[in-house]
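Coordinates from coords38.cif are shown below (mmCIF, C-alpha atoms and all ligand atoms).
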```cif
data_coords
#
loop_
_atom_site.label_atom_id
_atom_site.label_comp_id
_atom_site.auth_asym_id
_atom_site.auth_seq_id
_atom_site.Cartn_x
_atom_site.Cartn_y
_atom_site.Cartn_z
CA MET A 1 109.51 -150.91 120.50
CA HIS A 2 111.16 -152.58 117.58
CA ILE A 3 109.85 -151.64 114.20
CA GLN A 4 109.96 -153.93 111.24
CA TRP A 5 110.70 -151.85 108.18
CA PHE A 6 109.27 -152.78 104.84
CA PRO A 7 109.61 -150.71 101.66
CA GLY A 8 106.04 -149.41 102.10
CA HIS A 9 106.77 -148.30 105.66
CA MET A 10 109.94 -146.57 104.60
CA ALA A 11 108.22 -144.66 101.81
CA LYS A 12 105.44 -143.58 104.19
CA ALA A 13 107.86 -142.54 106.93
CA LYS A 14 109.87 -140.51 104.47
CA ARG A 15 106.77 -138.84 103.02
CA GLN A 16 105.48 -137.96 106.46
CA ALA A 17 108.84 -136.63 107.59
CA ILE A 18 108.99 -134.36 104.55
CA GLU A 19 105.41 -133.13 105.15
CA ASN A 20 106.26 -132.32 108.74
CA ARG A 21 109.53 -130.70 107.79
CA ASN A 22 107.58 -128.24 105.69
CA MET A 23 105.63 -127.14 108.76
CA VAL A 24 108.55 -126.44 111.06
CA ASP A 25 111.29 -123.84 111.35
CA ILE A 26 114.01 -126.24 112.40
CA VAL A 27 114.58 -130.01 112.45
CA LEU A 28 116.08 -131.67 115.50
CA GLU A 29 117.90 -134.76 114.32
CA LEU A 30 118.65 -137.14 117.17
CA VAL A 31 121.54 -139.55 116.93
CA ASP A 32 123.17 -141.89 119.45
CA SER A 33 126.53 -140.39 120.47
CA ARG A 34 128.11 -143.86 120.55
CA ILE A 35 127.28 -144.33 116.87
CA PRO A 36 126.81 -140.83 115.43
CA GLU A 37 127.08 -142.09 111.87
CA SER A 38 125.52 -145.56 112.13
CA SER A 39 122.45 -144.15 113.88
CA ARG A 40 121.65 -141.72 111.08
CA ASN A 41 119.04 -142.44 108.50
CA PRO A 42 120.55 -142.83 105.04
CA LEU A 43 118.15 -140.30 103.54
CA MET A 44 118.37 -137.72 106.32
CA ASP A 45 120.04 -135.04 104.21
CA GLU A 46 117.42 -135.44 101.50
CA ILE A 47 114.60 -135.31 104.06
CA VAL A 48 115.90 -132.27 105.93
CA ASN A 49 116.80 -130.59 102.67
CA ASN A 50 117.88 -127.01 103.39
CA LYS A 51 115.93 -126.58 106.62
CA PRO A 52 118.02 -125.45 109.55
CA ARG A 53 119.02 -128.54 111.46
CA LEU A 54 120.32 -129.15 114.95
CA VAL A 55 122.04 -132.52 115.22
CA ILE A 56 121.48 -133.65 118.79
CA MET A 57 124.06 -136.18 119.83
CA ASN A 58 122.05 -137.82 122.57
CA LYS A 59 123.26 -140.34 125.19
CA ALA A 60 126.52 -138.41 125.38
CA ASP A 61 126.84 -139.74 128.94
CA LEU A 62 127.50 -143.19 127.45
CA ALA A 63 129.97 -142.03 124.81
CA ASP A 64 133.69 -141.36 124.72
CA ARG A 65 134.09 -137.63 125.37
CA SER A 66 137.04 -136.99 123.11
CA ARG A 67 135.31 -138.77 120.23
CA THR A 68 132.17 -136.74 120.90
CA GLU A 69 134.20 -133.54 120.53
CA GLU A 70 135.52 -134.77 117.18
CA TRP A 71 132.01 -135.58 116.01
CA LEU A 72 130.71 -132.18 117.11
CA THR A 73 133.40 -130.45 115.07
CA HIS A 74 132.59 -132.66 112.12
CA PHE A 75 128.84 -131.96 112.25
CA ASN A 76 129.40 -128.25 112.82
CA GLN A 77 131.56 -128.01 109.73
CA SER A 78 129.83 -130.36 107.32
CA GLU A 79 126.64 -128.45 106.45
CA LYS A 80 125.97 -124.73 106.27
CA ASN A 81 122.59 -124.73 107.93
CA GLN A 82 123.56 -127.22 110.60
CA GLN A 83 124.82 -127.12 114.14
CA ALA A 84 125.43 -129.89 116.63
CA ILE A 85 125.16 -130.35 120.38
CA ALA A 86 125.95 -133.31 122.64
CA ILE A 87 123.51 -134.00 125.46
CA ASP A 88 122.25 -136.44 128.05
CA ALA A 89 118.48 -136.17 127.61
CA PHE A 90 117.98 -136.69 131.34
CA SER A 91 120.12 -133.68 132.23
CA HIS A 92 118.12 -130.55 132.96
CA SER A 93 121.00 -128.23 132.10
CA ASP A 94 121.54 -129.99 128.76
CA ILE A 95 117.88 -129.47 127.86
CA THR A 96 118.17 -125.78 128.81
CA ARG A 97 121.31 -125.50 126.67
CA THR A 98 119.50 -127.12 123.74
CA LYS A 99 116.65 -124.60 123.96
CA LYS A 100 119.13 -121.73 124.02
CA ILE A 101 120.93 -122.98 120.91
CA ILE A 102 117.66 -123.40 119.03
CA LYS A 103 116.74 -119.80 119.86
CA GLU A 104 120.13 -118.58 118.70
CA MET A 105 119.87 -120.51 115.45
CA MET A 106 116.44 -119.01 114.79
CA ALA A 107 117.16 -115.48 116.01
CA GLU A 108 117.79 -114.05 112.57
CA LYS A 109 114.68 -115.57 111.01
CA MET A 110 112.51 -114.31 113.85
CA ALA A 111 114.08 -110.83 113.65
CA ILE A 112 113.30 -110.65 109.94
CA ARG A 113 109.69 -111.59 110.65
CA LYS A 114 109.54 -108.78 113.17
CA GLN A 115 111.07 -106.28 110.75
CA LYS A 116 108.45 -107.20 108.21
CA GLY A 117 105.83 -106.35 110.80
CA MET A 118 104.68 -109.95 111.24
CA LYS A 119 103.31 -111.09 114.56
CA PRO A 120 105.90 -112.82 116.72
CA ARG A 121 105.28 -116.51 117.09
CA ALA A 122 106.80 -119.57 118.70
CA ILE A 123 109.58 -121.49 116.95
CA ARG A 124 108.21 -124.68 115.43
CA LEU A 125 110.20 -127.85 115.95
CA MET A 126 110.16 -131.48 115.01
CA VAL A 127 112.23 -134.42 116.19
CA LEU A 128 113.55 -137.00 113.75
CA GLY A 129 115.64 -140.10 114.23
CA ILE A 130 115.91 -143.87 114.04
CA PRO A 131 114.40 -146.03 116.82
CA ASN A 132 116.02 -146.00 120.26
CA VAL A 133 118.10 -142.84 119.95
CA GLY A 134 115.98 -141.27 122.73
CA LYS A 135 113.34 -139.29 120.82
CA SER A 136 110.49 -139.88 123.31
CA THR A 137 112.74 -139.23 126.28
CA PHE A 138 113.96 -136.00 124.73
CA ILE A 139 110.45 -134.77 123.91
CA ASN A 140 109.29 -135.55 127.45
CA GLN A 141 112.18 -133.62 128.93
CA MET A 142 111.58 -130.67 126.61
CA ILE A 143 107.95 -130.33 127.67
CA LYS A 144 108.41 -131.18 131.32
CA LYS A 145 107.06 -127.84 132.45
CA ASN A 146 104.08 -126.06 131.00
CA ARG A 147 102.77 -129.15 129.36
CA ALA A 148 99.78 -128.18 127.28
CA LYS A 149 98.48 -129.47 124.03
CA THR A 150 97.36 -126.79 121.65
CA ALA A 151 94.53 -127.27 119.26
CA ASN A 152 95.14 -128.69 115.85
CA LYS A 153 96.17 -126.17 113.30
CA PRO A 154 95.16 -126.19 109.68
CA GLY A 155 97.38 -128.44 107.65
CA VAL A 156 98.28 -130.61 110.61
CA THR A 157 97.28 -134.23 110.23
CA GLN A 158 94.61 -135.44 112.58
CA GLN A 159 96.78 -137.47 114.92
CA GLN A 160 99.37 -134.78 115.29
CA GLN A 161 99.42 -131.97 117.76
CA TRP A 162 101.76 -129.22 118.71
CA LEU A 163 103.12 -129.27 122.22
CA LYS A 164 103.68 -125.82 123.61
CA ILE A 165 106.95 -125.33 125.43
CA GLU A 166 106.91 -122.17 127.49
CA ASN A 167 106.07 -119.34 125.09
CA ASP A 168 109.05 -120.03 122.92
CA PHE A 169 108.46 -123.28 121.08
CA GLU A 170 105.86 -125.52 119.54
CA LEU A 171 106.96 -129.10 119.08
CA LEU A 172 105.21 -131.73 116.98
CA ASP A 173 104.12 -134.34 119.52
CA THR A 174 105.04 -137.41 117.51
CA PRO A 175 108.65 -137.75 116.46
CA GLY A 176 109.47 -138.81 112.94
CA ILE A 177 110.74 -142.36 113.21
CA LEU A 178 113.05 -143.29 110.40
CA TRP A 179 114.72 -146.56 109.55
CA HIS A 180 118.35 -147.34 110.16
CA LYS A 181 120.96 -148.37 107.69
CA PHE A 182 120.75 -152.01 106.79
CA GLU A 183 123.09 -152.42 103.89
CA ASP A 184 126.32 -152.49 105.79
CA GLN A 185 126.82 -155.56 108.00
CA LYS A 186 129.17 -153.66 110.30
CA VAL A 187 126.60 -150.93 110.89
CA GLY A 188 124.11 -153.65 111.86
CA VAL A 189 126.52 -155.10 114.39
CA LYS A 190 127.08 -151.65 115.93
CA LEU A 191 123.33 -151.03 116.13
CA ALA A 192 122.92 -154.40 117.82
CA LEU A 193 125.75 -153.79 120.27
CA THR A 194 124.28 -150.46 121.41
CA GLY A 195 120.79 -151.98 121.66
CA ALA A 196 119.20 -150.12 118.74
CA ILE A 197 118.27 -153.43 117.12
CA LYS A 198 116.89 -155.78 119.69
CA ASP A 199 115.83 -158.68 117.56
CA ALA A 200 118.26 -161.46 116.89
CA LEU A 201 119.30 -160.28 113.45
CA PHE A 202 122.84 -161.33 114.20
CA HIS A 203 124.46 -164.25 115.98
CA LYS A 204 125.41 -163.21 119.48
CA ASP A 205 128.91 -164.51 119.07
CA ASP A 206 129.43 -162.37 115.94
CA ILE A 207 128.52 -159.28 117.95
CA ALA A 208 130.69 -160.43 120.86
CA LEU A 209 133.69 -161.06 118.61
CA TYR A 210 133.29 -157.61 117.07
CA ALA A 211 133.07 -156.13 120.58
CA LEU A 212 136.20 -157.94 121.78
CA ASP A 213 138.12 -156.78 118.74
CA PHE A 214 136.88 -153.19 119.14
CA PHE A 215 137.55 -152.88 122.88
CA ILE A 216 140.95 -154.51 122.80
CA HIS A 217 142.09 -152.17 120.03
CA THR A 218 140.39 -148.99 121.13
CA TYR A 219 140.27 -149.24 124.90
CA PRO A 220 143.04 -151.66 125.87
CA GLY A 221 142.73 -153.07 129.37
CA ARG A 222 138.99 -152.59 129.77
CA ILE A 223 138.04 -156.22 129.07
CA LYS A 224 140.76 -157.47 131.38
CA GLU A 225 139.66 -155.08 134.11
CA ALA A 226 135.92 -155.69 133.79
CA TYR A 227 136.26 -159.46 134.01
CA HIS A 228 139.30 -159.60 136.27
CA LEU A 229 141.30 -161.54 133.75
CA SER A 230 144.87 -162.25 134.77
CA GLU A 231 146.55 -161.17 131.57
CA ASP A 232 145.97 -158.92 128.60
CA MET A 233 145.79 -161.86 126.23
CA THR A 234 146.69 -159.66 123.32
CA ASP A 235 148.40 -162.68 121.76
CA LYS A 236 145.14 -164.60 121.63
CA THR A 237 142.75 -164.70 118.70
CA TYR A 238 139.27 -163.32 119.43
CA PRO A 239 137.58 -166.74 119.34
CA GLU A 240 140.20 -167.95 121.81
CA LEU A 241 139.53 -164.92 123.94
CA LEU A 242 135.80 -165.59 123.89
CA MET A 243 136.48 -169.18 124.98
CA GLU A 244 138.71 -167.93 127.75
CA LEU A 245 136.06 -165.48 128.92
CA THR A 246 133.39 -168.20 128.86
CA THR A 247 135.51 -170.47 131.04
CA HIS A 248 136.42 -167.59 133.33
CA LEU A 249 132.73 -166.78 133.84
CA ASN A 250 132.07 -170.44 134.69
CA PHE A 251 129.71 -170.82 131.76
CA GLY A 252 131.26 -174.16 130.70
CA ASP A 253 131.27 -174.16 126.92
CA ASP A 254 128.21 -171.94 126.56
CA PHE A 255 129.78 -169.29 124.32
CA ASP A 256 126.38 -167.82 123.56
CA ARG A 257 125.80 -167.11 127.23
CA ALA A 258 129.19 -165.44 127.58
CA SER A 259 128.55 -163.45 124.39
CA GLU A 260 125.22 -162.31 125.73
CA LYS A 261 126.72 -161.22 129.03
CA LEU A 262 129.45 -159.27 127.26
CA ILE A 263 126.92 -157.54 124.99
CA PHE A 264 124.64 -156.59 127.90
CA ASP A 265 127.54 -155.36 129.99
CA ILE A 266 128.70 -153.15 127.11
CA ARG A 267 125.16 -151.81 126.54
CA ASP A 268 124.87 -151.06 130.26
CA GLY A 269 128.13 -149.15 130.21
CA LYS A 270 129.90 -151.63 132.52
CA LEU A 271 132.94 -151.45 130.28
CA GLY A 272 132.91 -147.65 130.39
CA ALA A 273 131.93 -144.96 127.93
CA TYR A 274 132.74 -145.74 124.31
CA THR A 275 132.16 -144.58 120.75
CA LEU A 276 132.04 -147.12 117.94
CA ASP A 277 131.99 -144.76 114.96
CA GLU A 278 135.04 -142.85 113.89
CA VAL A 279 134.80 -139.45 112.25
CA PRO A 280 135.32 -140.00 108.54
CA VAL A 281 138.62 -138.77 107.20
CA GLU A 282 137.98 -136.04 104.66
CA PRO A 283 139.12 -137.16 101.26
CA GLU A 284 142.27 -135.36 100.18
CA GLU A 285 141.48 -132.60 97.76
CA THR A 286 141.81 -133.85 94.27
CA LYS A 287 145.18 -132.70 93.17
CA VAL A 288 145.61 -131.35 89.70
CA SER A 289 148.36 -133.45 88.25
CA GLY A 290 150.75 -131.21 86.44
CA ASN A 291 153.64 -133.58 85.88
CA GLU A 292 152.25 -135.84 83.25
P1 LIG A 301 113.09 -143.55 120.95
O1 LIG A 301 112.80 -144.92 120.40
O2 LIG A 301 114.01 -142.80 120.02
O3 LIG A 301 111.87 -142.76 121.30
O4 LIG A 301 113.95 -143.77 122.29
P2 LIG A 301 113.49 -143.71 123.82
O5 LIG A 301 113.19 -142.31 124.24
O6 LIG A 301 112.44 -144.73 124.05
O7 LIG A 301 114.85 -144.13 124.55
C1 LIG A 301 115.46 -145.40 124.33
C2 LIG A 301 116.26 -145.77 125.56
O8 LIG A 301 117.35 -144.89 125.72
C3 LIG A 301 115.47 -145.68 126.86
O9 LIG A 301 115.85 -146.77 127.67
C4 LIG A 301 115.92 -144.36 127.47
O10 LIG A 301 115.83 -144.36 128.87
C5 LIG A 301 117.35 -144.30 127.02
N1 LIG A 301 117.87 -142.92 126.89
C6 LIG A 301 117.31 -141.89 126.20
N2 LIG A 301 118.08 -140.79 126.26
C7 LIG A 301 119.17 -141.13 127.00
C8 LIG A 301 120.36 -140.42 127.40
O11 LIG A 301 120.60 -139.25 127.07
N3 LIG A 301 121.25 -141.13 128.15
C9 LIG A 301 121.05 -142.43 128.52
N4 LIG A 301 121.98 -143.03 129.26
N5 LIG A 301 119.96 -143.11 128.14
C10 LIG A 301 119.03 -142.49 127.40
#
```
Take the structure in this file and express it as structure tokens.
Ligand code: GDP
Amino acid sequence: MHIQWFPGHMAKAKRQAIENRNMVDIVLELVDSRIPESSRNPLMDEIVNNKPRLVIMNKADLADRSRTEEWLTHFNQSEKNQQAIAIDAFSHSDITRTKKIIKEMMAEKMAIRKQKGMKPRAIRLMVLGIPNVGKSTFINQMIKKNRAKTANKPGVTQQQQWLKIENDFELLDTPGILWHKFEDQKVGVKLALTGAIKDALFHKDDIALYALDFFIHTYPGRIKEAYHLSEDMTDKTYPELLMELTTHLNFGDDFDRASEKLIFDIRDGKLGAYTLDEVPVEPEETKVSGNE
């Protein structure tokens, strides 16, 4: 489903996310491991506020493993109340691992409740993320066993229900869908290349040229290998390369068709696992200048 975001929708989504955040113990923020930064909502920090947060780098099966490790380190170090995990939502063991981490993150809070003599209760969760990061898939995998809808609780909006997961968790059944970043053209191209934006917001050949540039620099040899090209063609410009690819695929001069094929092949993982976002380099600590 592609959602058209208008200012009114954004304000409502944000308001709802904040309301829900107030009802849960921990926020599960889903991102796409191929674009851990570009698939985050610009206001996520403000929305999550100081709630404990588990950043779930989903679709890790499609992403570059070494980059994923770098991103995990980055997320684990950047916020106090935040941890990160990389998963494939379809993997049973990854879902089990996720549940274990959530319990560990909440252990202290639950122990304090117990000390205070309060009745033990399930950990309340919500899922947040932009479209297509795998929210519905993740929720379905989390509740695979023991699926049971509990009755509405006071304060819960009419449409929303808590899904009971074993005796340990209660998960809000509808994920918070937040908008993606629009301002930066490059972010848009990355979202399009991974399939997060399906509508033709960009020219196909712009996305294809970005993809050629990215793959040739980051994963040399993959384009050549995937399309059985005879040479590396590192001396060619990207438009020349796109022309070459079009001819090679017997698409005549239909560059759009070749662009589309390249984009779909990359989305399908035919060019291998990849990560488009790089971990930001921490700004050097501001040095006190003493020699002036
Ligand atoms: P939502 O819009 O955030 O609810 O995303 P969906 O749950 O509808 O998932 C979007 C697409 O990503 C679907 O085609 C899913 O099958 C796919 N998907 C979700 N999680 C994973 C994952 O961990 N790995 C892979 N390879 N695909 C996934």
query: Out of A:Val31, A:Ile263, A:Leu241, A:Ile56, which residue has the shortest atom-to-atom distance to Ala211 in chain A when counting all atoms listed in the file?
result: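 Answer, going by the shortest atom-to-atom distance: A:Ile263.
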Can you write out as CSV which residues of chain A fall within 7 Å of ligand LIG 301 (chain A), alongside each residue's closest atom pair and its distance in Å to one decimal, counting all atoms listed in the file and ordering rows by chain and ascending residue number?
```
residue,atom,partner,partner_atom,distance
A:Met1,CA,A:LIG301,O1,6.8
A:Asn58,CA,A:LIG301,O11,4.9
A:Lys59,CA,A:LIG301,O11,3.4
A:Ala60,CA,A:LIG301,O11,6.2
A:Asp61,CA,A:LIG301,N3,5.8
A:Leu62,CA,A:LIG301,N4,5.8
A:Ile87,CA,A:LIG301,O11,6.2
A:Asp88,CA,A:LIG301,O11,3.4
A:Ala89,CA,A:LIG301,O11,3.8
A:Phe90,CA,A:LIG301,O11,5.6
A:Gly129,CA,A:LIG301,O2,6.6
A:Ile130,CA,A:LIG301,O2,6.4
A:Pro131,CA,A:LIG301,O1,4.1
A:Asn132,CA,A:LIG301,O1,3.4
A:Val133,CA,A:LIG301,O2,4.1
A:Gly134,CA,A:LIG301,O4,3.3
A:Lys135,CA,A:LIG301,O2,3.7
A:Ser136,CA,A:LIG301,O5,3.7
A:Thr137,CA,A:LIG301,O5,3.7
A:Phe138,CA,A:LIG301,O5,6.4
```
field: Residues near Asp213 in chain A, cut-off 12 Å, all atoms listed in the file, skip fewer than 3 positions along chain, as a count of residues only
entry: 22
task: Measure the distance from CA of Glu170 in chain A to CA of Ile112 in chain A in Å and round it to one decimal.
output: 19.2 Å
message: Counting only C-alpha atoms, which residues sit no farther than 8 Å from the position (129.9, -138.5, 120.9) in the file's frame? I'd like them as a ChimeraX atom specification.
response: /A:32-36,57,60,63-72,86,275
message: Can you measure CA of Ile123 in chain A to CA of Leu171 in chain A for me? One decimal in Å is fine.
response: 8.3 Å
field: CA of Lys100 in chain A to CA of Ser38 in chain A, straight-line distance in Å
entry: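 That distance, rounded to one decimal, is 27.4 Å.
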Which residue of A:Glu278, A:Thr174, A:Gln141, A:Leu191 approaches Asp94 in chain A most closely, using all atoms listed in the file: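 Of A:Glu278, A:Thr174, A:Gln141, A:Leu191, the one nearest Asp94 in chain A is A:Gln141, counting all atoms listed in the file.
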field: Residue among A:Leu43, A:Leu262, A:Val187, A:Ala107 lying closest to Lys204 in chain A, counting only C-alpha atoms
entry: A:Leu262
message: Counting only C-alpha atoms, which residue out of A:Glu37, A:Glu46, A:Glu282, A:Asp235 sits closest to Gly188 in chain A?
response: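 Using only C-alpha atoms, Gly188 in chain A sits closest to A:Glu37.
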- prompt: What lies within 8 Å of range 253-258 of chain A using only C-alpha atoms, ignoring chain neighbours under 2 positions off, as number ranges by chain?
  reply: A: 204-205, 242-243, 245-247, 249, 251, 260-262
